[in-house]
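Here's the structure we're looking at; comments come further down.
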Amino acid sequence: MLQQMADEFYPMLTPQEKQVSVNVPDGLTLWGDADKLARVFNNILKNAIAYSYENSVIDICAKQQDKNIVITFTNQGNPIQREKLETIFEKFFRLDTSRSSNTGGAGLGLAIAKEIANAHGGNIFVQSNTEKTVFTVVLPTFTFSLCTSN
């Protein structure tokens, strides 16, 4: 899913010579609502593309860690100010207030992503410094057992 999503963003990446690198181990499986999880990843990737430098690479990595799947989206761009890291997932928050809702969205993408992650028993975090911004999505690995009765 992550590779397909990266491929679908190719037209947005090309004008500024940006690239997406996806690193996911074979066989890594996440159980959940595929449409809603795709929306989480789409919203984060869209922001990474919008706020990354020209000629840069956005790295998407996924791995199993204990009983969770951890997916990171890393980009190089202007750092998010420390005080804004606390509010970035609030509804209608827009990092770049100079962008209109026609060009920058309504400020709902990350709030929706966080709600969906929370509904799956997970969470989203962000870290940012002068070198990179990393959005981390942590989702539990669910195991299902099917029982049949006679």
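Ordering of the structure tokens sets the chain letters (A, B, ...), residue numbers begin anew at 1 in every chain, and ligands are numbered from 1 in the order given.
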
With a distance cut-off of 10 Å and only C-alpha atoms, select the neighbouring residues of segment 6-19 of chain A, excluding the residue or stretch itself and same-chain residues fewer than 6 positions from it, and output the selection as a list in words.
Phe41, Asn42, Leu45, Lys46, Ile49, Ala50, Ser52, Tyr53, Glu54, Asn55, Ser56, Val57, Ile58, Asp59 and Ile60 of chain A

Per-residue DSSP, segment 30-144 of chain A, filtered to strand (DSSP E), as a count of residues only
31

Check chain A with DSSP on the backbone and list each residue it calls helix (DSSP H, G or I), as a VMD selection string.
chain A and resid 2 to 8 10 to 16 34 to 51 82 to 85 101 to 104 109 to 119

Non-local contacts of Arg39 of chain A (10 Å; only C-alpha atoms; under 5 positions in same chain excluded) as a PyMOL selection string
chain A and resi 34+44-45+109-110+112-113+116

A:Lys63, A:Ala48, A:Ile69, A:Lys114 ranked by distance to Ser128 of chain A, top pick (using only C-alpha atoms):
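Closest residue, counting only C-alpha atoms: A:Ala48.
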
Pairwise distance for atom CA of Val20 of chain A and atom CA of Pro79 of chain A, rounded to one decimal in Å
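Straight-line distance from atom CA of Val20 of chain A to atom CA of Pro79 of chain A works out to 19.1 Å.
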
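With atom CA of Ser21 of chain A on one side and atom CA of Phe73 of chain A on the other, the separation reads 9.8 Å.
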
What separation in Å, quoted to one decimal, exists between atom CA of Glu86 of chain A and atom CA of Phe135 of chain A?
13.1 Å

Tell me, as a VMD selection string, which residues lie within 10 Å of Phe125 of chain A, counting only C-alpha atoms; anything in the same chain fewer than 2 positions away does not count.
chain A and resid 72 85 to 86 88 to 89 114 123 127 134 to 138

Could you save the residues just selected, with N, CA and C atoms, as a PDB file, in the first residue's frame?
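Result saved to out17.pdb:
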ATOM      1  N   THR A  72       7.317   5.305   9.736  1.00  0.00           N
ATOM      2  CA  THR A  72       7.857   6.663   9.820  1.00  0.00           C
ATOM      3  C   THR A  72       7.879   7.310   8.437  1.00  0.00           C
ATOM      4  N   LEU A  85       4.496  21.972  17.476  1.00  0.00           N
ATOM      5  CA  LEU A  85       4.462  20.512  17.532  1.00  0.00           C
ATOM      6  C   LEU A  85       3.318  20.022  18.415  1.00  0.00           C
ATOM      7  N   GLU A  86       2.949  20.826  19.421  1.00  0.00           N
ATOM      8  CA  GLU A  86       1.880  20.447  20.350  1.00  0.00           C
ATOM      9  C   GLU A  86       0.497  20.571  19.712  1.00  0.00           C
ATOM     10  N   ILE A  88      -0.160  20.667  16.156  1.00  0.00           N
ATOM     11  CA  ILE A  88      -0.210  20.309  14.738  1.00  0.00           C
ATOM     12  C   ILE A  88      -1.321  19.313  14.402  1.00  0.00           C
ATOM     13  N   PHE A  89      -1.773  18.526  15.395  1.00  0.00           N
ATOM     14  CA  PHE A  89      -2.816  17.534  15.152  1.00  0.00           C
ATOM     15  C   PHE A  89      -4.214  18.051  15.507  1.00  0.00           C
ATOM     16  N   LYS A 114      -4.823  11.463  12.995  1.00  0.00           N
ATOM     17  CA  LYS A 114      -4.662  11.104  14.399  1.00  0.00           C
ATOM     18  C   LYS A 114      -5.903  10.388  14.926  1.00  0.00           C
ATOM     19  N   ASN A 123      -1.334   5.595  17.616  1.00  0.00           N
ATOM     20  CA  ASN A 123      -1.101   7.011  17.823  1.00  0.00           C
ATOM     21  C   ASN A 123      -0.165   7.539  16.746  1.00  0.00           C
ATOM     22  N   GLN A 127       8.340  14.699  15.351  1.00  0.00           N
ATOM     23  CA  GLN A 127       9.573  15.295  15.859  1.00  0.00           C
ATOM     24  C   GLN A 127      10.154  16.120  14.724  1.00  0.00           C
ATOM     25  N   VAL A 134      10.051  14.110  11.290  1.00  0.00           N
ATOM     26  CA  VAL A 134       9.650  12.702  11.264  1.00  0.00           C
ATOM     27  C   VAL A 134       8.264  12.553  11.884  1.00  0.00           C
ATOM     28  N   PHE A 135       7.331  12.051  11.089  1.00  0.00           N
ATOM     29  CA  PHE A 135       6.021  11.661  11.596  1.00  0.00           C
ATOM     30  C   PHE A 135       6.076  10.158  11.832  1.00  0.00           C
ATOM     31  N   THR A 136       5.697   9.740  13.019  1.00  0.00           N
ATOM     32  CA  THR A 136       5.725   8.324  13.380  1.00  0.00           C
ATOM     33  C   THR A 136       4.309   7.863  13.693  1.00  0.00           C
ATOM     34  N   VAL A 137       3.878   6.826  12.990  1.00  0.00           N
ATOM     35  CA  VAL A 137       2.572   6.215  13.221  1.00  0.00           C
ATOM     36  C   VAL A 137       2.830   4.869  13.889  1.00  0.00           C
ATOM     37  N   VAL A 138       2.241   4.672  15.067  1.00  0.00           N
ATOM     38  CA  VAL A 138       2.383   3.416  15.798  1.00  0.00           C
ATOM     39  C   VAL A 138       1.005   2.760  15.856  1.00  0.00           C
TER      40      VAL A 138
END
